[in-house]
Every structure is written in C-alpha cells, then in structure tokens.
Amino acid sequence: MKRKSILIGGVAFLALGIFALTSFYSATAVADEDETADTNETTVITVQTGTVERVTLYRYVTGYGMVEAEPATREQPAAGGALAAPTAGVVEKVDAVAGQKVKQGDVLVELNSATATFDYAKAEVERQKKLFAQQNTSLKNLEDAKAQLASLEVIAPVSGTVVSIAVKPGEAVDVNALVAEVIDLKRLAVATKIPAAQAIDLKTGQGVQVLSEPPVDATLSFISPAVDASDGTVSAWAALPADSGLRPGEFVQLKIVTEVLTNCLAVPAESVVTDEDGNSTVALVKGDEATQVPVQIGLRDGDWVEITSTNLNEHDTIVTVGAYGLPATTEIKIANSPPDETSATNSAQ
C-alpha cells in the first residue's frame, strides 16, 4: 500500500513538471512573436516643419557704446559737452538750471578770481569800448579787458539744453573743474570701441542698429585710423537721428551692418544639424518621409541660415523641430503645417 502511494505521488509530480515546462515554452514563443512584431513595425517620428525661403540677410559687427554729444566735424562744431572753469576762483552767480534751454553765448556761471570780480571785469569791458570808440584807448587794452572777463564766465558753446550744473554760489573751484554741461539734444551720437580684428570691415556710411527700446537706426560717421594700444580696439561713433529718443550717458548695445546679402536661399536655423566634424544636414520632407540632405551653410542671421549648396530649392519643406537625431531616412508625422511664403519672408526681414 505504501509503495502504491509513492508510485502515485511520483506520477503526479512528473505530470506537474511536464505541465510547467510546456507553459514556459509556450510563453517564450509568444514573447518571441511579440518581439518580432515590434521589430518589424516602422517607427513614426512626430516633427514640425518649415520651408526654404529667399530672404535678405545681414552680416554684423556687434558692440556696446555710450550716447554722448556729437563730436565736431568739418561741417559743424561739437554738439556741446562738459564745461570747465576757465580760472580758479569762487562762484559769484549761477545763471542757469538743469533742463533749461540756452542759446550759444549765454552766460551760465559767473566767477570772482583773486585779481578781479566778475562785475568789475564786465564794467571794465564797457569802459574800454567807450574809450576805444572815442580813440582814447588802444585795441590791446580793449582785448585785454575782454580776455579778463572771459576768464570769469562760463558760457554756452552751442544752443541746446543745460544737462547739469555742478556748482553753486559761494563755492570755490579750481581751474578746469567741471562746472556745467550743455548739449544740443538733437545732435547726439553713440560712441563705441570695436576690436581691431573686426574693425577691418567697418566703413563710414554703414548702417548701425542701436538695440534700444524701440530700436534706432543710425549711420556710422567716424572710424579712428589708429588702434588703442591699451585694449586693442578702434574708436568709432555713429550719428543718431534728431528724434532718436536716447539720452546722453545712456549705455546701449549696437550692431553695425557690414554686409547685406539679398535674395539668399535660407532655412530656419533650427533645421540645420551640424555634427562634431562640422558637416551640416537638413531633413528634406517628401510626403510622409524625411531624408537627411547634406548642405553647405553660409551666413547666419538671427533665425535664418544661408544655404550655399544647390541640393535644396525654394519652398522645399524641411524638418525644423525634431531635426536633431533623425535617422538618415525615416517616416514622419507632421505636427504643423508649413508657414506660407508671405509669413516666412516677413519673419526673415
């Protein structure tokens, strides 16, 4: 009886083992079939697209500058600036305030020196004028009196606006101490310093974009013929339009347009993929498939890149978002519609 029980148990154990082994192989076969099916299924990648366009691109030299009074030119004097005390003395009177409009020659500050007061010097000029008219004094005496008065007054060099007054009555000043500042606010310029290597491309008359808010268009008016040995830069300045809205002392970023390329074949910058060897490609879309096309790139300007090779045509559809890492040829799903020609061209300009 005991032997019979052992025999029955052995048979049951063997049957259980056979069942488990059969289940294992069945599950493995199903998994292999699923894996094969997954391998054979084509991967579809969702992307966004743009188009190849004809646009105008610009090459720039960028820099930073300060808004200040326009320097002197052959045609006209400087548009004002800081004014210094012509002699050491004490401020007798201040005849202007910041923000006041003045005319060329107006007296802004009166001084008394150790040798004469302003009132005395002014009266002496009037006396010498009368004597000279009566031929009772020499021209030299008259000119000396005028020179003494000039040394005791600070006058506006141009018609403009008093930007600042740096002194008050009763204050002692040294010779050449800053006293006031007058600027013709309709004649401003932005002064900049450009690295010598980039300054090679600069020419007077080139357009300048001042990246203020709102942006201001200006013209490059002067380029120094010398390099500043202390920092290796070249000084330059651009005349601003009279209605620029900028203020003296304002620090601004600017771009000098050194080259204009019209009717360029260009693509959105995000569509260009460049590998570590410097080779660039663009994914060209035909139907529901994208194929990597090698391209030669040229000028980059903002969101656009010039294409100098001939394997792309205007209005071709290309992958923008999702271009990086695409296989050489792959099936795609487009998540957007290509922008129309007008909107793309306007955005480029």
# chains A, B, ... in the order shown; residues from 1 in each chain; ligands from 1
$ residues_around --residues "Asp119 (chain A)" --least-positions-apart "3" --cutoff "12 Å" --atoms "only C-alpha atoms" --output "PyMOL selection string"
chain A and resi 92-93+110-113+116+122-126+148-149+152-153
$ select_by_dssp --residues "region 15-262 of chain A" --states "helix (DSSP H, G or I)" --output "ChimeraX atom specification"
/A:15-40,118-133,139-150,196-199
$ residues_around --residues "region 190-205 of chain A" --least-positions-apart "5" --cutoff "12 Å" --atoms "only C-alpha atoms" --output "compact mmCIF listing (two decimals) with N, CA and C atoms, in the first residue's frame"
# COMPACT_ATOMS: atom_id res chain seq x y z
N ARG A 59 25.17 90.83 -42.35
CA ARG A 59 26.35 90.50 -41.55
C ARG A 59 26.65 91.70 -40.65
N TYR A 60 26.92 91.42 -39.37
CA TYR A 60 27.07 92.49 -38.40
C TYR A 60 28.41 92.43 -37.68
N VAL A 61 28.82 93.59 -37.19
CA VAL A 61 29.83 93.70 -36.15
C VAL A 61 29.09 94.26 -34.93
N THR A 62 29.14 93.55 -33.82
CA THR A 62 28.38 93.96 -32.65
C THR A 62 29.28 94.64 -31.62
N GLY A 63 28.70 95.46 -30.80
CA GLY A 63 29.46 96.15 -29.76
C GLY A 63 28.54 96.87 -28.79
N TYR A 64 29.15 97.63 -27.90
CA TYR A 64 28.42 98.44 -26.93
C TYR A 64 28.95 99.87 -27.00
N GLY A 65 28.10 100.81 -26.66
CA GLY A 65 28.53 102.20 -26.75
C GLY A 65 27.80 103.09 -25.77
N MET A 66 28.22 104.35 -25.74
CA MET A 66 27.64 105.36 -24.86
C MET A 66 27.09 106.51 -25.69
N VAL A 67 25.89 106.95 -25.35
CA VAL A 67 25.29 108.10 -26.04
C VAL A 67 25.91 109.37 -25.48
N GLU A 68 26.36 110.24 -26.38
CA GLU A 68 27.01 111.48 -25.97
C GLU A 68 26.78 112.55 -27.03
N ALA A 69 27.25 113.77 -26.76
CA ALA A 69 27.14 114.85 -27.74
C ALA A 69 27.94 114.50 -28.99
N GLU A 70 27.39 114.82 -30.15
CA GLU A 70 28.07 114.53 -31.41
C GLU A 70 29.39 115.30 -31.47
N PRO A 71 30.50 114.65 -31.78
CA PRO A 71 31.80 115.34 -31.89
C PRO A 71 31.81 116.33 -33.05
N VAL A 210 20.90 100.50 -33.28
CA VAL A 210 21.03 100.65 -31.83
C VAL A 210 19.89 99.86 -31.19
N LEU A 211 20.26 98.85 -30.40
CA LEU A 211 19.26 97.93 -29.87
C LEU A 211 18.63 98.46 -28.59
N SER A 212 18.06 99.65 -28.69
CA SER A 212 17.33 100.25 -27.58
C SER A 212 15.87 99.83 -27.70
N VAL A 216 16.79 101.97 -32.78
CA VAL A 216 17.06 103.21 -33.52
C VAL A 216 18.07 102.92 -34.62
N ASP A 217 17.78 103.40 -35.82
CA ASP A 217 18.71 103.28 -36.95
C ASP A 217 19.60 104.51 -37.02
N ALA A 218 20.90 104.28 -37.17
CA ALA A 218 21.87 105.37 -37.23
C ALA A 218 22.84 105.12 -38.38
N THR A 219 23.83 105.99 -38.51
CA THR A 219 24.82 105.89 -39.58
C THR A 219 26.22 106.01 -38.99
N LEU A 220 27.12 105.11 -39.39
CA LEU A 220 28.50 105.17 -38.91
C LEU A 220 29.18 106.40 -39.52
N SER A 221 29.64 107.31 -38.66
CA SER A 221 30.16 108.59 -39.12
C SER A 221 31.67 108.71 -39.04
N PHE A 222 32.29 107.99 -38.11
CA PHE A 222 33.73 108.14 -37.91
C PHE A 222 34.34 106.82 -37.46
N ILE A 223 35.53 106.51 -38.00
CA ILE A 223 36.31 105.35 -37.59
C ILE A 223 37.74 105.82 -37.37
N SER A 224 38.27 105.60 -36.19
CA SER A 224 39.63 106.06 -35.92
C SER A 224 40.64 105.32 -36.79
N PRO A 225 41.64 106.02 -37.31
CA PRO A 225 42.68 105.36 -38.11
C PRO A 225 43.70 104.63 -37.25
N ALA A 226 43.62 104.80 -35.93
CA ALA A 226 44.61 104.20 -35.03
C ALA A 226 43.97 103.19 -34.10
N VAL A 227 44.78 102.26 -33.62
CA VAL A 227 44.34 101.25 -32.66
C VAL A 227 44.79 101.68 -31.27
N ASP A 228 43.90 101.61 -30.31
CA ASP A 228 44.24 101.93 -28.92
C ASP A 228 45.11 100.81 -28.38
N ALA A 229 46.38 101.10 -28.10
CA ALA A 229 47.33 100.08 -27.67
C ALA A 229 46.96 99.47 -26.32
N SER A 230 46.18 100.18 -25.51
CA SER A 230 45.85 99.69 -24.18
C SER A 230 44.86 98.53 -24.20
N ASP A 231 43.98 98.50 -25.21
CA ASP A 231 42.98 97.43 -25.26
C ASP A 231 42.78 96.83 -26.65
N GLY A 232 43.56 97.28 -27.63
CA GLY A 232 43.48 96.69 -28.97
C GLY A 232 42.19 96.99 -29.70
N THR A 233 41.57 98.13 -29.42
CA THR A 233 40.30 98.47 -30.06
C THR A 233 40.45 99.71 -30.94
N VAL A 234 39.44 99.90 -31.78
CA VAL A 234 39.36 101.07 -32.66
C VAL A 234 38.11 101.86 -32.27
N SER A 235 38.27 103.15 -32.04
CA SER A 235 37.14 104.00 -31.66
C SER A 235 36.32 104.37 -32.90
N ALA A 236 35.02 104.43 -32.71
CA ALA A 236 34.12 104.82 -33.79
C ALA A 236 32.88 105.45 -33.18
N TRP A 237 32.17 106.24 -33.98
CA TRP A 237 30.90 106.77 -33.50
C TRP A 237 29.91 106.90 -34.64
N ALA A 238 28.65 106.84 -34.27
CA ALA A 238 27.57 106.91 -35.25
C ALA A 238 26.63 108.03 -34.87
N ALA A 239 26.30 108.87 -35.85
CA ALA A 239 25.36 109.97 -35.64
C ALA A 239 23.95 109.41 -35.50
N LEU A 240 23.23 109.89 -34.49
CA LEU A 240 21.85 109.45 -34.25
C LEU A 240 20.87 110.42 -34.89
N PRO A 241 19.69 109.94 -35.27
CA PRO A 241 18.68 110.87 -35.80
C PRO A 241 18.21 111.82 -34.70
N SER A 244 15.79 110.41 -31.96
CA SER A 244 16.14 109.06 -31.50
C SER A 244 15.50 108.69 -30.16
N LEU A 246 16.97 108.81 -27.40
CA LEU A 246 18.03 108.41 -26.50
C LEU A 246 18.57 109.61 -25.73
N ARG A 247 19.24 109.34 -24.60
CA ARG A 247 19.71 110.42 -23.73
C ARG A 247 21.21 110.33 -23.52
N PRO A 248 21.87 111.47 -23.34
CA PRO A 248 23.31 111.43 -23.07
C PRO A 248 23.61 110.58 -21.83
N GLY A 249 24.67 109.78 -21.93
CA GLY A 249 25.06 108.90 -20.83
C GLY A 249 24.42 107.53 -20.87
N GLU A 250 23.50 107.31 -21.82
CA GLU A 250 22.83 106.01 -21.91
C GLU A 250 23.77 104.97 -22.52
N PHE A 251 23.82 103.78 -21.91
CA PHE A 251 24.66 102.69 -22.38
C PHE A 251 23.81 101.78 -23.25
N VAL A 252 24.25 101.52 -24.48
CA VAL A 252 23.42 100.77 -25.43
C VAL A 252 24.24 99.69 -26.13
N GLN A 253 23.53 98.68 -26.62
CA GLN A 253 24.14 97.67 -27.49
C GLN A 253 23.85 98.06 -28.94
N LEU A 254 24.79 97.76 -29.82
CA LEU A 254 24.59 98.14 -31.21
C LEU A 254 25.13 97.08 -32.17
N LYS A 255 24.62 97.12 -33.39
CA LYS A 255 25.08 96.24 -34.46
C LYS A 255 25.37 97.10 -35.69
N ILE A 256 26.58 96.97 -36.21
CA ILE A 256 26.98 97.71 -37.41
C ILE A 256 26.84 96.77 -38.61
N VAL A 257 26.05 97.16 -39.58
CA VAL A 257 25.80 96.31 -40.75
C VAL A 257 26.98 96.43 -41.71
N THR A 258 27.76 95.36 -41.85
CA THR A 258 28.94 95.39 -42.72
C THR A 258 28.69 94.75 -44.08
N GLU A 259 27.60 94.00 -44.21
CA GLU A 259 27.30 93.35 -45.50
C GLU A 259 25.82 93.04 -45.57
$ closest_residue --among "A:Ala242, A:Ile183, A:Val208, A:Val285" --to "Pro77 (chain A)" --atoms "only C-alpha atoms"
A:Ile183
$ closest_residue --among "A:Val90, A:Val321, A:Val55, A:Val167" --to "Glu270 (chain A)" --atoms "only C-alpha atoms"
A:Val321
$ closest_residue --among "A:Gln128, A:Thr161, A:Ser309, A:Gln209" --to "Asn141 (chain A)" --atoms "only C-alpha atoms"
A:Gln128
$ closest_residue --among "A:Thr87, A:Thr262, A:Thr310, A:Ser164" --to "Val293 (chain A)" --atoms "only C-alpha atoms"
A:Thr310
$ select_by_dssp --residues "region 15-205 of chain A" --states "strand (DSSP E)" --output "VMD selection string"
chain A and resid 44 to 47 49 to 51 53 to 69 80 to 84 89 to 94 101 to 102 107 to 112 153 to 155 160 to 165 172 to 173 178 to 183 188 to 195
$ closest_residue --among "A:Tyr58, A:Phe132, A:Phe118, A:Tyr324" --to "Ile45 (chain A)" --atoms "only C-alpha atoms"
A:Tyr324
$ residues_around --residues "Ala335 (chain A)" --least-positions-apart "3" --cutoff "7 Å" --atoms "only C-alpha atoms" --output "PyMOL selection string"
chain A and resi 46-48
$ write_last_selection --atoms "C-alpha atoms" --output "mmCIF file, in the first residue's frame"
data_model
loop_
_atom_site.group_PDB
_atom_site.id
_atom_site.type_symbol
_atom_site.label_atom_id
_atom_site.label_comp_id
_atom_site.auth_asym_id
_atom_site.auth_seq_id
_atom_site.Cartn_x
_atom_site.Cartn_y
_atom_site.Cartn_z
ATOM 1 C CA THR A 46 6.443 63.440 -34.926
ATOM 2 C CA VAL A 47 8.131 66.645 -36.170
ATOM 3 C CA GLN A 48 7.389 70.217 -37.113
#
$ residues_around --residues "Val267 (chain A)" --least-positions-apart "3" --cutoff "8 Å" --atoms "only C-alpha atoms" --output "list in words"
Gly50, Thr51, Val52, Glu53, Ser271, Val272, Trp304, Val305, Glu306 and Ile307 of chain A
$ atom_distance --atom1 "CA of Gly89 (chain A)" --atom2 "CA of Thr117 (chain A)"
9.4 Å
$ closest_residue --among "A:Val94, A:Asp184, A:Val109, A:Leu284" --to "Asn313 (chain A)" --atoms "only C-alpha atoms"
A:Leu284
$ residues_around --residues "Gly99 (chain A)" --least-positions-apart "4" --cutoff "10 Å" --atoms "only C-alpha atoms" --output "PDB file with C-alpha atoms, in the first residue's frame"
ATOM      1  CA  GLY A 160      20.969 123.485 -26.551  1.00  0.00           C
ATOM      2  CA  THR A 161      19.884 122.198 -23.150  1.00  0.00           C
ATOM      3  CA  VAL A 162      21.665 122.516 -19.816  1.00  0.00           C
ATOM      4  CA  VAL A 163      22.205 118.871 -18.864  1.00  0.00           C
ATOM      5  CA  SER A 164      23.778 119.574 -15.483  1.00  0.00           C
ATOM      6  CA  ILE A 165      25.079 122.326 -13.187  1.00  0.00           C
ATOM      7  CA  VAL A 182      25.302 121.831 -22.287  1.00  0.00           C
TER       8      VAL A 182
END
$ residues_around --residues "Arg54 (chain A)" --least-positions-apart "6" --cutoff "7 Å" --atoms "only C-alpha atoms" --output "list of chain:residue names"
A:Asn263, A:Cys264, A:Leu265, A:Ala266, A:Glu314
